[in-house]
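The next block is query-v3.txt, given as compact mmCIF, C-alpha atoms.
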# COMPACT_ATOMS: atom_id res chain seq x y z
CA MET A 18 22.19 15.23 -6.38
CA SER A 19 24.48 15.72 -3.44
CA VAL A 20 24.65 13.01 -0.82
CA GLN A 21 25.13 13.46 2.91
CA ASP A 22 27.44 11.25 4.94
CA GLU A 23 25.24 11.05 8.03
CA PRO A 24 24.05 7.48 8.76
CA GLY A 25 20.65 6.72 7.30
CA THR A 26 20.32 9.98 5.35
CA HIS A 27 21.16 10.21 1.65
CA LEU A 28 19.32 13.25 0.28
CA SER A 29 20.51 16.73 1.17
CA GLY A 30 17.72 18.60 -0.61
CA PRO A 31 16.00 20.73 -1.25
CA VAL A 32 13.37 18.30 -2.51
CA LEU A 33 10.31 19.69 -4.26
CA VAL A 34 7.10 17.68 -3.89
CA VAL A 35 4.53 18.43 -6.59
CA GLY A 36 1.17 17.32 -5.24
CA THR A 37 0.23 17.33 -1.55
CA GLY A 38 -2.20 14.48 -1.30
CA LEU A 39 -1.70 11.44 0.92
CA LEU A 40 1.53 10.22 -0.70
CA GLY A 41 3.10 13.58 -1.46
CA THR A 42 2.50 14.88 2.04
CA SER A 43 3.74 11.62 3.56
CA ILE A 44 6.95 11.98 1.55
CA GLY A 45 7.34 15.53 2.85
CA LEU A 46 6.76 14.48 6.44
CA GLY A 47 9.18 11.58 6.14
CA LEU A 48 11.95 13.68 4.63
CA ARG A 49 11.43 16.54 7.09
CA SER A 50 11.77 14.05 9.97
CA ARG A 51 15.28 13.40 8.63
CA GLY A 52 16.13 17.07 8.37
CA VAL A 53 15.80 17.31 4.59
CA ASP A 54 14.57 20.67 3.24
CA VAL A 55 11.23 20.11 1.48
CA LEU A 56 9.32 22.47 -0.81
CA LEU A 57 5.64 21.94 -1.57
CA THR A 58 3.37 22.92 -4.42
CA ASP A 59 -0.09 21.84 -5.47
CA VAL A 60 -2.77 22.96 -7.89
CA SER A 61 -4.92 23.33 -4.76
CA PRO A 62 -3.51 26.11 -2.56
CA SER A 63 -5.55 24.88 0.41
CA ALA A 64 -4.13 21.34 0.14
CA ALA A 65 -0.60 22.72 0.00
CA ALA A 66 -1.29 24.97 2.98
CA VAL A 67 -2.58 22.04 5.03
CA ALA A 68 0.52 20.03 4.16
CA ARG A 69 2.71 22.94 5.24
CA ASP A 70 0.78 23.42 8.46
CA ILE A 71 1.25 19.80 9.51
CA GLY A 72 4.99 20.03 8.95
CA ALA A 73 5.54 18.47 5.51
CA GLY A 74 7.64 21.40 4.24
CA ARG A 75 7.48 25.01 3.14
CA LEU A 76 5.57 26.34 0.15
CA LEU A 77 7.47 26.79 -3.10
CA GLY A 78 5.98 30.27 -3.44
CA GLU A 79 7.66 31.24 -0.19
CA ALA A 80 11.08 30.28 -1.57
CA PRO A 81 11.20 31.79 -5.09
CA ASP A 82 14.97 31.38 -5.39
CA ALA A 83 15.08 27.74 -4.24
CA ALA A 84 16.80 25.30 -6.61
CA PRO A 85 15.51 21.78 -5.90
CA GLN A 86 17.91 18.94 -6.57
CA LEU A 87 15.09 16.40 -6.68
CA VAL A 88 11.50 16.89 -7.80
CA VAL A 89 8.89 14.30 -6.79
CA VAL A 90 5.73 14.39 -8.89
CA ALA A 91 3.02 13.02 -6.62
CA ALA A 92 -0.01 13.71 -8.80
CA PRO A 93 -2.85 11.64 -10.32
CA PRO A 94 -1.74 9.44 -13.24
CA ASP A 95 -3.56 11.42 -15.91
CA VAL A 96 -1.48 14.56 -15.26
CA THR A 97 1.77 12.96 -14.08
CA ALA A 98 3.58 13.05 -17.44
CA ARG A 99 2.68 16.68 -18.10
CA LEU A 100 3.81 17.78 -14.64
CA ALA A 101 7.03 15.74 -14.88
CA ALA A 102 7.84 17.29 -18.27
CA GLN A 103 7.19 20.75 -16.84
CA ALA A 104 9.46 20.04 -13.86
CA LEU A 105 12.24 18.82 -16.14
CA ALA A 106 11.98 22.06 -18.11
CA ASP A 107 11.67 24.37 -15.09
CA PHE A 108 14.53 22.81 -13.10
CA PRO A 109 17.27 21.80 -15.57
CA ASP A 110 19.67 20.75 -12.80
CA ALA A 111 17.18 18.56 -10.94
CA VAL A 112 16.39 14.87 -11.11
CA VAL A 113 12.64 14.29 -11.52
CA VAL A 114 10.80 11.18 -10.31
CA ASP A 115 7.14 10.31 -10.28
CA ILE A 116 5.23 7.97 -7.98
CA ALA A 117 2.22 7.13 -10.17
CA SER A 118 0.65 3.68 -9.94
CA VAL A 119 1.20 2.97 -13.64
CA LYS A 120 4.56 3.35 -15.29
CA SER A 121 4.49 2.46 -19.00
CA VAL A 122 1.90 5.06 -19.99
CA VAL A 123 3.77 7.83 -18.13
CA ALA A 124 7.06 6.96 -19.85
CA GLU A 125 5.36 6.83 -23.25
CA GLU A 126 3.72 10.23 -22.75
CA LEU A 127 7.03 11.79 -21.65
CA ARG A 128 8.76 10.49 -24.78
CA ALA A 129 5.97 11.91 -26.90
CA LEU A 130 6.43 15.28 -25.18
CA GLY A 131 10.15 15.24 -25.97
CA ALA A 132 11.15 15.49 -22.30
CA ASP A 133 14.74 15.02 -21.11
CA LEU A 134 14.54 11.43 -19.91
CA THR A 135 18.18 11.34 -18.80
CA ARG A 136 17.06 13.07 -15.58
CA PHE A 137 13.77 11.22 -15.13
CA VAL A 138 13.10 7.99 -13.20
CA GLY A 139 9.69 6.39 -12.82
CA THR A 140 9.02 5.00 -9.35
CA HIS A 141 6.11 3.59 -7.38
CA PRO A 142 5.95 3.19 -3.59
CA MET A 143 3.73 0.20 -2.78
CA ALA A 144 2.10 1.88 0.18
CA GLY A 145 -1.08 3.81 0.86
CA ARG A 146 -4.28 4.06 2.82
CA GLU A 147 -7.98 4.05 2.02
CA LYS A 148 -8.11 7.64 3.29
CA SER A 149 -6.89 10.43 1.04
CA GLY A 150 -5.63 13.98 1.33
CA PRO A 151 -2.83 15.59 3.33
CA VAL A 152 -4.56 15.11 6.69
CA ALA A 153 -4.27 11.33 6.21
CA ALA A 154 -0.50 11.51 5.62
CA ARG A 155 1.98 9.69 7.85
CA ALA A 156 5.76 10.13 8.02
CA GLN A 157 6.20 6.35 8.42
CA LEU A 158 3.83 5.39 5.61
CA PHE A 159 6.59 3.88 3.49
CA ALA A 160 8.58 2.14 6.23
CA GLY A 161 9.32 -1.44 5.19
CA ALA A 162 7.22 -1.17 2.02
CA PRO A 163 8.55 -2.01 -1.45
CA TRP A 164 9.44 1.02 -3.57
CA VAL A 165 9.72 0.06 -7.23
CA ILE A 166 12.33 1.83 -9.35
CA CYS A 167 11.55 1.69 -13.08
CA ALA A 168 14.53 3.41 -14.67
CA GLY A 169 14.23 3.86 -18.40
CA PRO A 170 17.14 3.19 -20.77
CA GLU A 171 17.90 6.91 -21.03
CA ALA A 172 18.20 7.55 -17.28
CA LEU A 173 21.66 8.52 -16.06
CA PRO A 174 23.17 6.51 -13.17
CA GLY A 175 23.09 9.60 -10.95
CA ALA A 176 19.37 10.02 -11.53
CA VAL A 177 18.75 6.39 -10.60
CA ARG A 178 20.82 6.79 -7.43
CA ALA A 179 18.77 9.83 -6.46
CA ALA A 180 15.51 7.92 -6.91
CA GLU A 181 16.82 5.05 -4.81
CA ALA A 182 18.07 7.47 -2.14
CA LEU A 183 14.54 8.88 -1.82
CA ALA A 184 13.15 5.41 -1.16
CA VAL A 185 15.90 4.49 1.30
CA ASP A 186 15.56 7.73 3.25
CA LEU A 187 11.85 7.04 3.69
CA GLY A 188 12.54 3.54 5.04
CA ALA A 189 11.31 1.67 1.97
CA VAL A 190 12.83 -1.39 0.30
CA VAL A 191 14.13 -0.74 -3.22
CA VAL A 192 12.88 -3.09 -5.94
CA ARG A 193 14.11 -2.70 -9.53
CA LEU A 194 11.74 -3.58 -12.38
CA SER A 195 11.13 -2.45 -15.92
CA ALA A 196 7.98 -0.38 -16.49
CA GLU A 197 6.32 -3.33 -18.23
CA GLU A 198 7.25 -5.76 -15.44
CA HIS A 199 5.86 -3.32 -12.90
CA ASP A 200 2.57 -2.79 -14.71
CA ARG A 201 2.00 -6.51 -15.20
CA SER A 202 2.77 -7.18 -11.54
CA VAL A 203 0.51 -4.50 -10.06
CA ALA A 204 -2.33 -5.50 -12.38
CA LEU A 205 -2.50 -8.76 -10.43
CA ILE A 206 -1.41 -7.87 -6.89
CA SER A 207 -3.00 -4.41 -6.61
CA HIS A 208 -5.46 -3.53 -9.36
CA LEU A 209 -7.31 -6.86 -9.50
CA PRO A 210 -7.84 -6.93 -5.69
CA GLN A 211 -9.29 -3.41 -5.87
CA VAL A 212 -11.74 -4.43 -8.59
CA MET A 213 -12.77 -7.62 -6.76
CA ALA A 214 -13.25 -5.77 -3.46
CA SER A 215 -15.35 -3.09 -5.14
CA LEU A 216 -17.51 -5.64 -6.96
CA LEU A 217 -18.11 -7.54 -3.73
CA ALA A 218 -18.86 -4.40 -1.73
CA SER A 219 -21.29 -3.19 -4.39
CA ARG A 220 -23.49 -6.21 -3.61
CA LEU A 221 -24.01 -4.79 -0.10
CA GLN A 222 -25.73 -1.59 -1.19
CA ASP A 223 -29.28 -2.90 -0.68
CA THR A 224 -28.48 -5.55 1.92
CA PRO A 225 -30.78 -5.41 4.99
CA GLY A 226 -29.15 -4.14 8.14
CA THR A 227 -30.03 -7.35 9.94
CA ALA A 228 -27.78 -9.27 7.54
CA LEU A 229 -24.92 -6.78 7.78
CA ALA A 230 -25.06 -7.04 11.58
CA LEU A 231 -23.81 -10.60 11.18
CA ALA A 232 -20.71 -9.51 9.28
CA GLY A 233 -17.36 -10.58 10.65
CA ASN A 234 -13.74 -9.99 9.75
CA GLY A 235 -14.02 -12.04 6.56
CA LEU A 236 -16.30 -9.48 4.95
CA ARG A 237 -14.40 -6.54 6.42
CA ASP A 238 -11.05 -7.88 5.22
CA THR A 239 -12.21 -8.58 1.69
CA THR A 240 -13.96 -5.21 1.24
CA ARG A 241 -11.55 -2.92 3.12
CA ILE A 242 -10.00 -1.38 0.00
CA ALA A 243 -13.42 -0.82 -1.56
CA ALA A 244 -13.41 2.48 0.35
CA SER A 245 -10.73 3.86 -2.02
CA ASP A 246 -11.09 7.04 -4.06
CA PRO A 247 -13.16 6.37 -7.24
CA GLY A 248 -11.64 9.25 -9.20
CA LEU A 249 -8.10 8.02 -8.66
CA TRP A 250 -8.95 4.43 -9.48
CA VAL A 251 -10.65 5.38 -12.74
CA GLN A 252 -7.27 6.74 -13.86
CA ILE A 253 -5.26 3.78 -12.55
CA LEU A 254 -7.50 1.14 -14.11
CA SER A 255 -7.69 3.01 -17.41
CA GLY A 256 -3.92 3.41 -17.52
CA ASN A 257 -3.29 -0.30 -16.98
CA ALA A 258 -6.37 -1.72 -18.65
CA SER A 259 -4.66 -4.08 -21.10
CA ARG A 260 -2.72 -5.87 -18.33
CA LEU A 261 -5.67 -6.00 -15.92
CA VAL A 262 -8.14 -7.36 -18.44
CA GLU A 263 -5.95 -10.44 -18.96
CA HIS A 264 -6.49 -11.38 -15.31
CA LEU A 265 -10.19 -10.54 -15.50
CA TYR A 266 -10.55 -13.02 -18.35
CA GLY A 267 -9.21 -15.69 -16.01
CA VAL A 268 -11.54 -14.61 -13.21
CA ARG A 269 -14.46 -14.79 -15.64
CA GLU A 270 -13.53 -18.36 -16.55
CA ASP A 271 -13.35 -19.32 -12.88
CA LEU A 272 -16.69 -17.67 -12.14
CA ASN A 273 -18.37 -19.44 -15.05
CA ARG A 274 -16.91 -22.71 -13.83
CA LEU A 275 -18.21 -22.07 -10.30
CA ILE A 276 -21.66 -21.00 -11.50
CA ASN A 277 -21.99 -24.08 -13.68
CA THR A 278 -21.05 -26.30 -10.74
CA LEU A 279 -23.40 -24.61 -8.25
CA GLU A 280 -26.32 -24.75 -10.66
CA ASN A 281 -26.25 -28.52 -10.13
CA PRO A 282 -24.31 -29.13 -6.89
CA ALA A 283 -25.49 -32.74 -6.64
CA ALA A 284 -24.06 -33.74 -10.02
CA ASP A 285 -21.21 -36.23 -10.24
CA GLY A 286 -17.91 -34.46 -9.61
CA ALA A 287 -19.51 -31.22 -8.42
CA ARG A 288 -18.21 -31.45 -4.86
CA LEU A 289 -14.77 -32.40 -6.12
CA ASP A 290 -14.75 -29.36 -8.37
CA LEU A 291 -15.73 -27.09 -5.47
CA ALA A 292 -13.02 -28.59 -3.29
CA GLN A 293 -10.48 -28.11 -6.07
CA LEU A 294 -11.46 -24.46 -6.50
CA ILE A 295 -11.00 -23.77 -2.78
CA SER A 296 -7.72 -25.71 -2.77
CA GLU A 297 -6.42 -23.62 -5.65
CA GLY A 298 -7.16 -20.57 -3.52
CA ASN A 299 -5.29 -22.15 -0.60
CA ALA A 300 -2.26 -22.69 -2.82
CA GLY A 301 -2.25 -19.13 -4.10
CA GLN A 302 -2.75 -17.59 -0.67
CA ALA A 303 0.11 -19.65 0.76
CA ARG A 304 2.51 -18.02 -1.71
CA ILE A 305 1.95 -14.49 -0.36
CA PRO A 306 5.12 -13.43 1.48
CA GLY A 307 4.90 -13.26 5.24
CA LYS A 308 6.13 -10.74 7.77
CA HIS A 309 8.80 -8.30 6.51
CA GLY A 310 8.59 -9.89 3.04
CA ALA A 311 9.99 -13.18 4.30
CA PRO A 312 8.95 -16.49 2.71
CA PRO A 313 5.47 -17.65 3.73
CA GLN A 314 5.33 -19.29 7.12
CA SER A 315 2.68 -21.24 8.97
CA PHE A 316 2.13 -19.49 12.27
CA ALA A 317 0.26 -21.00 15.19
CA THR A 318 -2.74 -19.08 16.49
CA CYS A 319 -4.80 -18.79 19.63
CA THR A 320 -7.82 -16.64 20.39
CA VAL A 321 -8.09 -14.59 23.55
CA LEU A 322 -11.47 -13.32 24.76
CA VAL A 323 -11.15 -9.64 25.68
CA ASP A 324 -13.73 -7.56 27.54
CA ASP A 325 -14.90 -4.62 25.44
CA THR A 326 -13.68 -2.04 27.95
CA PRO A 327 -10.97 0.63 27.72
CA GLY A 328 -7.41 -0.57 28.11
CA GLN A 329 -7.97 -4.31 27.70
CA ILE A 330 -6.20 -4.69 24.35
CA ALA A 331 -3.26 -2.65 25.62
CA LYS A 332 -3.12 -4.83 28.74
CA LEU A 333 -3.14 -8.01 26.64
CA LEU A 334 -0.33 -6.81 24.38
CA THR A 335 1.70 -5.64 27.36
CA GLU A 336 1.42 -9.03 29.02
CA VAL A 337 2.34 -10.87 25.81
CA GLY A 338 5.46 -8.73 25.76
CA GLU A 339 6.18 -9.49 29.41
CA ILE A 340 5.92 -13.18 28.62
CA GLY A 341 8.60 -12.63 25.99
CA VAL A 342 6.69 -13.74 22.89
CA ASN A 343 6.86 -11.80 19.64
CA LEU A 344 3.54 -11.41 17.82
CA GLU A 345 3.70 -12.24 14.11
CA ASP A 346 0.15 -11.02 13.50
CA LEU A 347 -2.89 -9.74 15.38
CA ARG A 348 -6.54 -9.76 14.34
CA LEU A 349 -9.44 -8.29 16.30
CA GLU A 350 -13.10 -9.15 15.96
CA HIS A 351 -16.12 -8.20 18.03
CA SER A 352 -18.83 -10.67 18.97
CA ALA A 353 -22.24 -9.61 17.69
CA GLY A 354 -24.46 -8.46 20.55
CA LEU A 355 -21.87 -9.16 23.26
CA GLN A 356 -19.54 -6.83 25.15
CA VAL A 357 -16.55 -8.98 24.33
CA GLY A 358 -14.00 -9.10 21.57
CA ARG A 359 -11.78 -11.84 20.19
CA ALA A 360 -8.08 -11.20 19.69
CA GLU A 361 -6.45 -13.77 17.43
CA LEU A 362 -2.73 -13.94 18.15
CA SER A 363 -0.31 -15.48 15.64
CA VAL A 364 3.09 -16.62 16.91
CA LEU A 365 5.81 -19.06 15.99
CA PRO A 366 4.55 -22.62 16.60
CA SER A 367 7.31 -23.28 19.15
CA ARG A 368 6.03 -20.43 21.34
CA LEU A 369 2.31 -21.17 21.26
CA ASN A 370 1.90 -23.60 24.17
CA GLY A 371 3.99 -21.51 26.52
CA LEU A 372 2.07 -18.36 25.58
CA VAL A 373 -1.31 -20.01 26.11
CA GLN A 374 -0.33 -21.38 29.51
CA GLU A 375 1.10 -18.07 30.70
CA LEU A 376 -1.95 -16.12 29.55
CA MET A 377 -4.29 -18.56 31.30
CA ASN A 378 -2.20 -18.27 34.45
CA ARG A 379 -2.75 -14.53 34.29
CA GLY A 380 -6.52 -14.95 34.07
CA TRP A 381 -7.12 -14.63 30.33
CA LYS A 382 -9.66 -16.87 28.61
CA VAL A 383 -7.80 -18.54 25.74
CA VAL A 384 -9.10 -20.77 22.96
CA GLN A 385 -6.50 -22.72 21.01

Just dump the structure as structure tokens.
Amino acid sequence: MSVQDEPGTHLSGPVLVVGTGLLGTSIGLGLRSRGVDVLLTDVSPSAAAVARDIGAGRLLGEAPDAAPQLVVVAAPPDVTARLAAQALADFPDAVVVDIASVKSVVAEELRALGADLTRFVGTHPMAGREKSGPVAARAQLFAGAPWVICAGPEALPGAVRAAEALAVDLGAVVVRLSAEEHDRSVALISHLPQVMASLLASRLQDTPGTALALAGNGLRDTTRIAASDPGLWVQILSGNASRLVEHLYGVREDLNRLINTLENPAADGARLDLAQLISEGNAGQARIPGKHGAPPQSFATCTVLVDDTPGQIAKLLTEVGEIGVNLEDLRLEHSAGLQVGRAELSVLPSRLNGLVQELMNRGWKVVQ
């Protein structure tokens, strides 16, 4: 893999992306924005054509003599190993990486296929959207996101450098883990949340509309990822089942504990047990890294009432910027039945009072 000297660009290309779904097309768009030559191929000609038409690269069939230096297999987990083995055979001078959500099973299948693992590196960008397909792709999808590099023992140093260069060129943060460490980690921080969100959202199927009209951000936040692609998640959950089920055993114990307590909420110790359960959740939530992966911080918040008319949110954000305060987080929620929204602003505690006063001086209704 040749490396360019220009600041911020490491890959010279061409880079072949196998699979033009959300992630594959986003990789193409991101690399093309840096001037890297990208080739595209997909089992679906229409998906590849869409990716080409939105600027993610040129079709492999239109460049029959192209010799990719890096091949990115961006395909569903159940075909990733086969496609990676084929790429290693078809392009003997190329480094091949995959971006599947499970790593151990892919590596095991490649070994069973007798593939050349000296030129293969398993990777996983921890980024995505609920939407799928090339039309949902974004060039900046990976900016600031962790990109896990799971280099096997056979991988040559040059192959590992190429995999890391891909992540860096797309603005991601390189994280090095073994395949087993990766799979155990994502079972908890990615796969379990998906299952819990889907189970919760499934309870809403027959819920009366009058009840759903009362829903606020709490329900929306906890069910957002339930809109994910079922076909893809069947493969992910199956491929990492043994690690995920360990966490589900723990969830089952907690649910049984909660059910037993709520069946007799007036019993001695019941309220203490409920408080302890919620407190345990507080402790776990507080450990989630904050902005830009920094250690958790306690931000101060205020809520600004915003008229539900065009341009009001933009005006609020513009004025916060004029005041000179950096937003650490922003949450929006609409009031049921009212033409008003609530914008919850999170800032450093030292900036809260000044922000509130300045916003009130400018005519905003602020609740601290």

Exercise. Could you name the residues that touch A:Met143 at 10 Å or less, counting all atoms listed in the file, but leaving out those on the same chain fewer than 5 positions away, as a list of chain:residue names?
Worked result: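 In the requested format, the answer is A:Ile116, A:Ser118, A:Leu158, A:Phe159, A:Gly161, A:Ala162, A:Pro163, A:Trp164, A:Val165, A:Ala189, A:Val190, A:Val203, A:Ser207.
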
For this session: Write out as a PyMOL selection string which residues come within 12 Å of A:Ala129 when counting all atoms listed in the file, dropping same-chain ones fewer than 5 positions away.
Result: chain A and resi 98-99+102+122-124+134

Could you please take those selected residues and save C-alpha atoms as an mmCIF file, in the frame of the given file?
data_model
loop_
_atom_site.group_PDB
_atom_site.id
_atom_site.type_symbol
_atom_site.label_atom_id
_atom_site.label_comp_id
_atom_site.auth_asym_id
_atom_site.auth_seq_id
_atom_site.Cartn_x
_atom_site.Cartn_y
_atom_site.Cartn_z
ATOM 1 C CA ALA A 98 3.580 13.050 -17.440
ATOM 2 C CA ARG A 99 2.680 16.680 -18.100
ATOM 3 C CA ALA A 102 7.840 17.290 -18.270
ATOM 4 C CA VAL A 122 1.900 5.060 -19.990
ATOM 5 C CA VAL A 123 3.770 7.830 -18.130
ATOM 6 C CA ALA A 124 7.060 6.960 -19.850
ATOM 7 C CA LEU A 134 14.540 11.430 -19.910
#

Problem set entry | Atom pair atom CA of A:Phe137 / atom CA of A:Ala111: separation (Å) | 9.1 Å

For this session: Select, from A:Val364, A:Ala284, A:Val357, A:Val55, the residue with the minimum atom-to-atom distance to A:Asp325, counting all atoms listed in the file.
Result: A:Val357

Exercise. Atom CA of A:Ala144 and atom CA of A:Arg241, how far apart in Å?
Worked result: 14.8 Å

Exercise. Near A:Trp381, counting only C-alpha atoms, which residues have an atom at most 10 Å away, once you skip same-chain residues fewer than 6 positions from it, shown as a ChimeraX atom specification?
Worked result: /A:321-323,333,373-375

What does the file look like for those residues with C-alpha atoms, as a compact mmCIF listing (two decimals), in the coordinates of the input?
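Output contents, as saved in part_17.txt:
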# COMPACT_ATOMS: atom_id res chain seq x y z
CA VAL A 321 -8.09 -14.59 23.55
CA LEU A 322 -11.47 -13.32 24.76
CA VAL A 323 -11.15 -9.64 25.68
CA LEU A 333 -3.14 -8.01 26.64
CA VAL A 373 -1.31 -20.01 26.11
CA GLN A 374 -0.33 -21.38 29.51
CA GLU A 375 1.10 -18.07 30.70

Centre, edges in Å (one decimal): axis-aligned box, stretch 230-239 of chain A, 3 Å padding on all six sides, as AutoDock Vina command-line options:
--center_x -18.1 --center_y -9.3 --center_z 6.6 --size_x 20.0 --size_y 11.5 --size_z 15.9

Exercise. Interatomic distance between atom CA of A:Gly47 and atom CA of A:Gln157?
Worked result: 6.4 Å

Exercise. Excluding same-chain residues fewer than 4 positions from A:Ile330, what lies within 12 Å of it counting all atoms listed in the file, as a ChimeraX atom specification?
Worked result: /A:321-326,334-337,347-350,357-362,381

Exercise. Between A:Ala73, A:Ala83, A:Ala230, A:Val35, which one has atoms that come closest to A:Ser61, using all atoms listed in the file?
Worked result: A:Val35

Problem set entry | Among listed residues A:Cys319, A:Leu344, A:Ala156, A:Leu183, nearest A:Leu46 (using all atoms listed in the file) | A:Ala156

Exercise. Do you know which residues are at most 12 Å from A:Leu194 counting only C-alpha atoms, after dropping those on the same chain fewer than 6 positions away, and could you put them as a list in words?
Worked result: Lys120, Ser121, Val138, Gly139, Thr140, His141, Pro163, Trp164, Val165, Ile166, Cys167, Ala168, Gly169, Asp200, Arg201, Ser202 and Val203 of chain A

Exercise. For A:Pro170, which residue out of A:Arg128, A:Arg69, A:His199, A:His208 is the nearest one, using all atoms listed in the file?
Worked result: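 Nearest candidate to A:Pro170 out of A:Arg128, A:Arg69, A:His199, A:His208: A:Arg128.
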
How close does stretch 236-303 of chain A get to stretch 217-222 of chain A? List, as a Markdown table, each residue of stretch 236-303 of chain A within 12 Å, its nearest atom pair and the distance in Å to one decimal, counting all atoms listed in the file.
| residue | atom | partner | partner_atom | distance |
| --- | --- | --- | --- | --- |
| A:Leu236 | CA | A:Ala218 | CA | 8.8 |
| A:Arg237 | CA | A:Ala218 | CA | 9.5 |
| A:Asp238 | CA | A:Ala218 | CA | 11.0 |
| A:Thr239 | CA | A:Leu217 | CA | 8.1 |
| A:Thr240 | CA | A:Ala218 | CA | 5.8 |
| A:Arg241 | CA | A:Ala218 | CA | 8.9 |
| A:Ile242 | CA | A:Ala218 | CA | 9.5 |
| A:Ala243 | CA | A:Ala218 | CA | 6.5 |
| A:Ala244 | CA | A:Ala218 | CA | 9.0 |
| A:Ser245 | CA | A:Ala218 | CA | 11.6 |

Test item: which residues lie within 8 Å of (21.3, 8.3, -2.6) counting all atoms listed in the file, as a short mmCIF file (atom, residue, chain, number, x, y, z; two decimals) with C-alpha atoms, keeping the file's coordinate frame:
data_model
loop_
_atom_site.label_atom_id
_atom_site.label_comp_id
_atom_site.auth_asym_id
_atom_site.auth_seq_id
_atom_site.Cartn_x
_atom_site.Cartn_y
_atom_site.Cartn_z
CA MET A 18 22.19 15.23 -6.38
CA VAL A 20 24.65 13.01 -0.82
CA HIS A 27 21.16 10.21 1.65
CA LEU A 28 19.32 13.25 0.28
CA ARG A 178 20.82 6.79 -7.43
CA ALA A 179 18.77 9.83 -6.46
CA ALA A 180 15.51 7.92 -6.91
CA GLU A 181 16.82 5.05 -4.81
CA ALA A 182 18.07 7.47 -2.14
CA LEU A 183 14.54 8.88 -1.82
CA VAL A 185 15.90 4.49 1.30
#

Exercise. Mind listing as a list in words all residues within 9 Å of (-0.8, 18.9, 7.0), counting only C-alpha atoms?
Worked result: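 Collected hits near the coordinates: Thr37, Thr42, Leu46, Ala64, Ala65, Ala66, Val67, Ala68, Arg69, Asp70, Ile71, Gly72, Ala73, Gly150, Pro151, Val152, Ala153 and Ala154 of chain A.
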
Problem set entry | Residue among A:Ser363, A:Thr320, A:Ile44, A:Pro93 lying closest to A:Val383, counting all atoms listed in the file |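 Result for the nearest residue to A:Val383: A:Thr320.
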
Is it possible to add N, CA and C atoms to stretch 27-40 of chain A and hand it back as a CSV table (one decimal), in the frame of the given file?
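And here is the file that came out, rebuild_38.csv:
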chain,number,residue,atom,x,y,z
A,27,HIS,N,20.5,10.2,2.9
A,27,HIS,CA,21.2,10.2,1.6
A,27,HIS,C,20.9,11.5,0.9
A,28,LEU,N,19.7,12.0,1.0
A,28,LEU,CA,19.3,13.2,0.3
A,28,LEU,C,19.7,14.5,1.1
A,29,SER,N,20.2,15.5,0.5
A,29,SER,CA,20.5,16.7,1.2
A,29,SER,C,19.5,17.8,0.9
A,30,GLY,N,18.8,17.7,-0.3
A,30,GLY,CA,17.7,18.6,-0.6
A,30,GLY,C,18.3,19.9,-1.2
A,31,PRO,N,17.4,20.8,-1.5
A,31,PRO,CA,16.0,20.7,-1.2
A,31,PRO,C,15.3,19.8,-2.2
A,32,VAL,N,14.2,19.2,-1.7
A,32,VAL,CA,13.4,18.3,-2.5
A,32,VAL,C,12.0,19.0,-2.7
A,33,LEU,N,11.6,19.1,-3.9
A,33,LEU,CA,10.3,19.7,-4.3
A,33,LEU,C,9.3,18.6,-4.5
A,34,VAL,N,8.2,18.6,-3.7
A,34,VAL,CA,7.1,17.7,-3.9
A,34,VAL,C,6.0,18.4,-4.6
A,35,VAL,N,5.6,17.9,-5.8
A,35,VAL,CA,4.5,18.4,-6.6
A,35,VAL,C,3.3,17.6,-6.4
A,36,GLY,N,2.4,18.1,-5.6
A,36,GLY,CA,1.2,17.3,-5.2
A,36,GLY,C,1.2,17.0,-3.8
A,37,THR,N,0.2,17.5,-3.0
A,37,THR,CA,0.2,17.3,-1.6
A,37,THR,C,-1.0,16.5,-1.1
A,38,GLY,N,-1.2,15.4,-1.8
A,38,GLY,CA,-2.2,14.5,-1.3
A,38,GLY,C,-1.6,13.6,-0.2
A,39,LEU,N,-2.2,12.4,-0.1
A,39,LEU,CA,-1.7,11.4,0.9
A,39,LEU,C,-0.2,11.1,0.7
A,40,LEU,N,0.2,10.7,-0.5
A,40,LEU,CA,1.5,10.2,-0.7
A,40,LEU,C,2.5,11.4,-0.7
